[in-house]
Amino acid sequence: MFLPRFLLLLTALATLPARAEEARVPLTDPPSWVEPTRADTERPLREQDAVSGLHVLLSEEQVRVSPEMTERFVRQVRRVVSSRGVETGSQLKVEFSNTHERLRLHGVWRTRDGVRTQLLRAEDVKVIQQERELDMGIYSDERTALAFLQDVRAGDLLDESWTVEEAHPLFRGHHLDAISLADKAPVAHFVHRLLVPADLKLHFKTHGVAAAEPTMRDVGGLREYRWERKDMPTFTGEDGVPDDLEVWPHVQVSSFQSWEAVSTWGLPLYEGLPGSPELTALAESWRSLPTEEARFLAAVRFVQDEVRYLGIELGPNTHQPHAPGQVLAQRFGDCKDKALLLATLLRPLGIPAHVALVHSRLRGGVASKLPSPYAFNHAIVRARVAGRTEWVDATMTHRRGRLGARGPLPYARALVLAPGTTALESIPQPLPEGPEVDAHYVLSVKDDGTGTLTVTNRYTRSEADRARSWLAGLSAEQLTTQSRDLRRALFPKLEPEGTPRVQDDTDANTVTLEERYTLTDAWAGGGLRVAATRIGGEMVLPRRTEGRIHPVEVDHPTHLRVRWEVHADSLLNVAPSEKTVEGPASRLEMSVVPRFGGFTYQVEYRSLADRVAPDALARHVEAVKEMSSQLGISFAAPVGVVPSSFTSRDPQLSRNTSLAISGVFLVVVGALALGIPRRLRQFMHERKVRKAAPLRPVRHLREQEQGATVMVVESLDQADQRIRGERCSCGGTFERVPDALQLRHTGSDGRSITVLRVRCTSCRAPQFLSFDVRPN
């Protein structure tokens, strides 16, 4: 995937204007308008101050805004307190954009034994290009100035500073910023000083902490805003917090008065950009389609599937799209490029369409932010077609469905760039009418241990889109292997009958995946287990559940159903059961219905809300644990069935075996004489009457199917630590299966996934866990 994208990028860059070779980063004095803050170098070191090996005495940022540019002066004073601090403090690293920013270094001064020495030399500074988002298809010409410092020791005081001059062509006359009020390590003294023209009206909003109002004064015709904190605390976020909550303590700064002002600013960026004869001819080719819906879907599918995602975000194109004619000719573009191309293709077809700005992570939380172009990181399209309002993400591939059957977009709020826009607009998220994942298993097992298993998964709406995208990245062999390995968690001796069959109803937006297997030696372990593994992915709880400040996120709306039909030659000892568990944010219904020669087992899960408040978290945890206990049942082999693992390999009975059989015969005769069978039957009958619920099966830690949770780790060693840190419901710990195959595949979101087989050290229950290994 990376090589073709890289070659495509090189082709695109070849069309950019050539520039002269860059000069070295200059080493200059700090700007004259800066008022340096005195650092308290005699401050005593506390134990919590040295967590990073560096004691941060001063973190200072001063910003001056003018009509031509914004200058940002940064200074840090840190004392090296350990060998770890020597490693991290012995380099200077500053990132900047090569297109609209200029870096000026001032120096790194070391103070040792009262002697202050300049360690930085201009010839030691290397400028390297690190495109951190290139793997996501975004090229922004980022640069990093890097210098390695000589002779840094524990006890040294380091004072470093630099200035970045920014002249973004689209934001002249505006100022947009986010001032962090916390750090990963303690900061003894924090200062942020902002100088702006007196006539520039600014708005401030504090997020994640109590309001932090600046002090103000006039300085030489400029208005000064100053935020200052002593002993600025560290911030450790809670896991599982809903994405739309801004929990990091910071102050948002914006010069935009309203969302209407943002729309007025952004609309001209999307207007007047040239098309092409090819674009006009393409739109004209769809006019002959019989309905407006058909013309709309043709344009949508073309842009989603035929135009690759790749963003070259240089200069104005950080926020302004490339011309639709250019995007069509090169057949690639980022979200705003593809959104404008789609809107441009729809309008000649008589379909009103406009680009809309959204935030892919904050989603509805964008409404809590100050109006600003930086409140958004993604662009989609709003269209009026066949009397309906349709929202389309032009970057999503393999999306299908007629109007009304398409998966809803999850962004919640959007700013439509259209004349007359005054506020954010809501994006509907209708509840699914039925299960989005409906899994049907039919298991037939004979007394001799042979049998068949049929698995039919039916996906609808957004789940169908995800399944379609996942299937598109797999060969038939890969699909067969992955499906087989997944089913072997429950049935180790299982073999597929051919390749899984895929049916894709693009109009109804449903994908059906059918798998067929044969089983041998099914009763080898003395029994079997069936489970609702897909629903298990919804039972994940945060690491910290007590004393939380923020709510816990729940995937919503979600509706899943798993149904097992089990058939056997003989009677199975499975009791009827019915259970409904409802918590603050979810509901689960489970039923077991026995019948002669088998039973049916069904679990249905629905989410009720997208989050759980801290005061309701205890009830949520209790409900999830109770739901998890219902996600599988175990049952013994029919009476009289002897597992093959217990049969003798030698057909000739040995003398010891003959003696054992004779002994058993005598014991049986004696038992009959004493009436033990009658007493035993009476005891079993009384026990069965007392039994109020079916056997509680041992629950796997996490049972994986496509779409379940993937754990992010830095290495497989860390994955082993995560495995050992979890516990099975039986109380046992987990371990990796020795010499087990490590399966690697690409997930539906493009990540490289490593699948490991593990088992409980107590009950020996097997399962698969998926890890996203991301080395630092």
# chains A, B, ... in the order shown; residues from 1 in each chain; ligands from 1
$ residues_around --residues "His175 of chain A" --least-positions-apart "4" --cutoff "12 Å" --atoms "only C-alpha atoms" --output "ChimeraX atom specification"
/A:63-71,166-168,170-171,194-197,200-204,252-257,372-374
$ write_last_selection --atoms "N, CA and C atoms" --output "short mmCIF file (atom, residue, chain, number, x, y, z; two decimals), in the first residue's frame"
data_model
loop_
_atom_site.label_atom_id
_atom_site.label_comp_id
_atom_site.auth_asym_id
_atom_site.auth_seq_id
_atom_site.Cartn_x
_atom_site.Cartn_y
_atom_site.Cartn_z
N VAL A 63 3.72 35.70 22.22
CA VAL A 63 3.19 35.77 20.86
C VAL A 63 2.85 37.22 20.54
N ARG A 64 3.31 37.69 19.37
CA ARG A 64 2.93 39.02 18.90
C ARG A 64 2.26 38.88 17.54
N VAL A 65 1.04 39.44 17.45
CA VAL A 65 0.23 39.35 16.23
C VAL A 65 0.25 40.71 15.54
N SER A 66 0.54 40.68 14.23
CA SER A 66 0.50 41.88 13.41
C SER A 66 -0.23 41.54 12.11
N PRO A 67 -0.63 42.52 11.32
CA PRO A 67 -1.31 42.22 10.06
C PRO A 67 -0.47 41.38 9.11
N GLU A 68 0.85 41.44 9.21
CA GLU A 68 1.71 40.71 8.29
C GLU A 68 2.02 39.28 8.74
N MET A 69 2.19 39.09 10.04
CA MET A 69 2.60 37.78 10.52
C MET A 69 2.29 37.64 12.00
N THR A 70 2.49 36.40 12.48
CA THR A 70 2.42 36.11 13.91
C THR A 70 3.77 35.56 14.33
N GLU A 71 4.39 36.20 15.33
CA GLU A 71 5.68 35.77 15.85
C GLU A 71 5.46 35.05 17.18
N GLU A 166 5.13 33.06 11.55
CA GLU A 166 4.11 32.44 10.73
C GLU A 166 3.39 33.50 9.90
N ALA A 167 3.25 33.23 8.60
CA ALA A 167 2.52 34.14 7.70
C ALA A 167 1.59 33.31 6.83
N HIS A 168 0.56 32.72 7.46
CA HIS A 168 -0.38 31.91 6.70
C HIS A 168 -1.24 32.82 5.84
N LEU A 170 -4.12 32.64 4.58
CA LEU A 170 -5.58 32.66 4.76
C LEU A 170 -6.02 33.25 6.09
N PHE A 171 -5.07 33.52 7.00
CA PHE A 171 -5.47 33.95 8.34
C PHE A 171 -4.92 35.32 8.71
N LEU A 194 0.49 37.35 25.25
CA LEU A 194 -0.07 37.56 23.92
C LEU A 194 -0.23 39.06 23.67
N LEU A 195 0.38 39.54 22.57
CA LEU A 195 0.28 40.94 22.16
C LEU A 195 -0.46 41.00 20.83
N VAL A 196 -1.56 41.78 20.78
CA VAL A 196 -2.35 41.92 19.56
C VAL A 196 -2.69 43.38 19.36
N PRO A 197 -3.02 43.77 18.11
CA PRO A 197 -3.49 45.15 17.90
C PRO A 197 -4.71 45.45 18.78
N LEU A 200 -8.20 44.45 17.57
CA LEU A 200 -8.52 43.07 17.24
C LEU A 200 -9.29 42.46 18.41
N LYS A 201 -10.57 42.17 18.19
CA LYS A 201 -11.42 41.62 19.22
C LYS A 201 -11.16 40.12 19.34
N LEU A 202 -10.78 39.66 20.53
CA LEU A 202 -10.51 38.25 20.77
C LEU A 202 -11.54 37.66 21.73
N HIS A 203 -11.77 36.36 21.56
CA HIS A 203 -12.67 35.62 22.43
C HIS A 203 -11.89 34.47 23.05
N PHE A 204 -12.15 34.21 24.33
CA PHE A 204 -11.44 33.18 25.07
C PHE A 204 -12.45 32.21 25.70
N GLN A 252 -8.95 28.21 24.63
CA GLN A 252 -9.11 28.42 23.20
C GLN A 252 -9.20 29.92 22.91
N VAL A 253 -8.49 30.34 21.88
CA VAL A 253 -8.48 31.76 21.48
C VAL A 253 -8.97 31.85 20.04
N SER A 254 -9.90 32.76 19.78
CA SER A 254 -10.41 32.93 18.42
C SER A 254 -10.82 34.38 18.20
N SER A 255 -10.52 34.87 17.01
CA SER A 255 -10.94 36.22 16.63
C SER A 255 -12.25 36.20 15.84
N PHE A 256 -12.84 35.03 15.61
CA PHE A 256 -14.11 34.94 14.89
C PHE A 256 -15.26 35.16 15.87
N GLN A 257 -16.23 35.96 15.45
CA GLN A 257 -17.33 36.34 16.33
C GLN A 257 -18.40 35.26 16.41
N SER A 372 -14.43 28.89 15.00
CA SER A 372 -13.08 28.97 14.46
C SER A 372 -12.95 27.95 13.34
N PRO A 373 -12.19 28.25 12.30
CA PRO A 373 -11.90 27.22 11.29
C PRO A 373 -11.15 26.03 11.88
N TYR A 374 -10.38 26.25 12.97
CA TYR A 374 -9.65 25.17 13.58
C TYR A 374 -10.54 24.25 14.41
#
$ residues_around --residues "segment 229-246 of chain A" --least-positions-apart "3" --cutoff "9 Å" --atoms "only C-alpha atoms" --output "ChimeraX atom specification"
/A:181-191,207-208,249-250,361-366,368-369,541-544,548-554,610-611
$ closest_residue --among "A:Ser83, A:Ser360, A:Thr395, A:Gln130" --to "Asp156 of chain A" --atoms "only C-alpha atoms"
A:Ser83
$ closest_residue --among "A:Ala154, A:Ile633, A:Val164, A:Leu608" --to "Pro26 of chain A" --atoms "only C-alpha atoms"
A:Val164
$ closest_residue --among "A:Ala386, A:Val502, A:Leu310, A:Ala568" --to "Ile138 of chain A" --atoms "only C-alpha atoms"
A:Leu310
$ closest_residue --among "A:Thr506, A:Gln118, A:Lys126, A:Phe148" --to "Arg301 of chain A" --atoms "only C-alpha atoms"
A:Thr506
$ closest_residue --among "A:Ser715, A:Asn573, A:Gln602, A:Gln326" --to "Phe635 of chain A" --atoms "only C-alpha atoms"
A:Asn573
$ select_by_dssp --residues "segment 375-450 of chain A" --states "strand (DSSP E or B)" --output "ChimeraX atom specification"
/A:378-385,388-392,413-416,425-426,437-445
$ residues_around --residues "segment 269-283 of chain A" --least-positions-apart "5" --cutoff "12 Å" --atoms "only C-alpha atoms" --output "VMD selection string"
chain A and resid 169 to 170 262 to 264 288 to 289 295 to 296 298 to 300 302 to 303 316 to 331 336 to 351 354 to 357 379 416 to 419
